[in-house]
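See below for the structure under consideration.
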Amino acid sequence: GQSLEQPSEVTAVEGAIVQINCTYQTSGFYGLSWYQQHDGGAPTFLSYNALDGLEETGRFSSFLSRSDSYGYLLLQELQMKDSASYFCAGSGSARQLTFGSGTQLTVLP
Amino acid sequence: DGGITQSPKYLFRKEGQNVTLSCEQNLNHDAMYWYRQDPGQGLRLIYYSQIVNDFQKGDIAEGYSVSREKKESFPLTVTSAQKNPTAFYLCASSPATGGNEKLFFGSGTQLSVL
């Protein structure tokens with residue numbers, strides 16, 4: 001099985017940089033994904049790391065360290081629309097994703 | 001436009017009643033999933049299907065049933081055996097060859113008990 005831990009809440013101001021951490025305990029770990037979910041909406045895919053290192057997609061970057069069982073999502077130039085919940089998810093065998101409990105990001109003006 | 005359609009958006013269940021949540025996709029994806037989300041919590045896997053006429057239990061399958069008679073459709077039935085069904089239900093799909101790292105989600109069904 002898998003379990004993922006992430007902070008429940010993070011607050012930052014518009015234009016700032018914020019990092020959301022995720023640690024995991026898992027067997028058969030393949031990679032780490034990140035999803036964004038606005039209130040009452042569907043989760044949308046942000047990024048996936050199968051290998052150690054940093055993946056950059058516009059204002060968002062994601063990092064994975066397999067040796068530390070740790071990853072993070074980095075959001076730069078924060079905008080008000082980035083206020084949402086962010087979930088890390090561990091990808092394992094049998095084509096199943098296990099999700100963390102989510103981090104509620106609040107962006108202040 | 002390709003996507004996943006869930007219906008209804010809101011559903012109410014009476015005591016002892018079975019209800020069925022619809023999920024249809026036109027993305028030509030082989031794999032489909034059902035997740036349950038409780039307020040302030042992550043998503044928990046109920047059932048998943050990798051191919052037509054085949055499905056497997058997830059972490060919280062008790063009180064639920066599914067079918068996969070067509071590639072496009074993966075309905076979820078919440079049975080009367082599920083004693084705490086109030087939650088937000090999300091259907092998702094993924095391509096067969098892309099691994100399971102990118103899921104495409106529907107807009108969800110909010111189920112409440114009367």
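Chain labels follow the order of the structure tokens: the first chain is A, the next B, and so on; residue numbering restarts at 1 in every chain, and ligands are counted from 1 in their shown order.
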Please, which residues of chain A lie no more than 6 Å from chain B when the count uses only C-alpha atoms, and can they be set out as a PyMOL selection string? chain A and resi 41-42+95+99-102
| said: Residues of chain A classed as strand (DSSP E) by DSSP on the backbone are to be reported as a ChimeraX atom specification. | reply: /A:2-5,9-13,18-26,29-37,44-49,53-57,60-65,70-75,84-92,97-99,103-108
message: Give me the residues near Leu74 of chain A as a list in words, where near means some atom within 8 Å (using only C-alpha atoms) and where sequence neighbours in that chain fewer than 5 positions away do not count.
response: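 The neighbour list is Ile17, Val18, Gln19, Ile20, Phe60, Ser61 and Ser62 of chain A.
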**Report entry** Residues within 7 Å of Glu9 of chain A, only C-alpha atoms, excluding chain neighbours under 5 positions, as a PyMOL selection string
**Finding:** chain A and resi 103-105
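Coordinates place atom CA of Phe29 of chain A at a distance of 26.5 Å from atom CA of Val10 of chain A.
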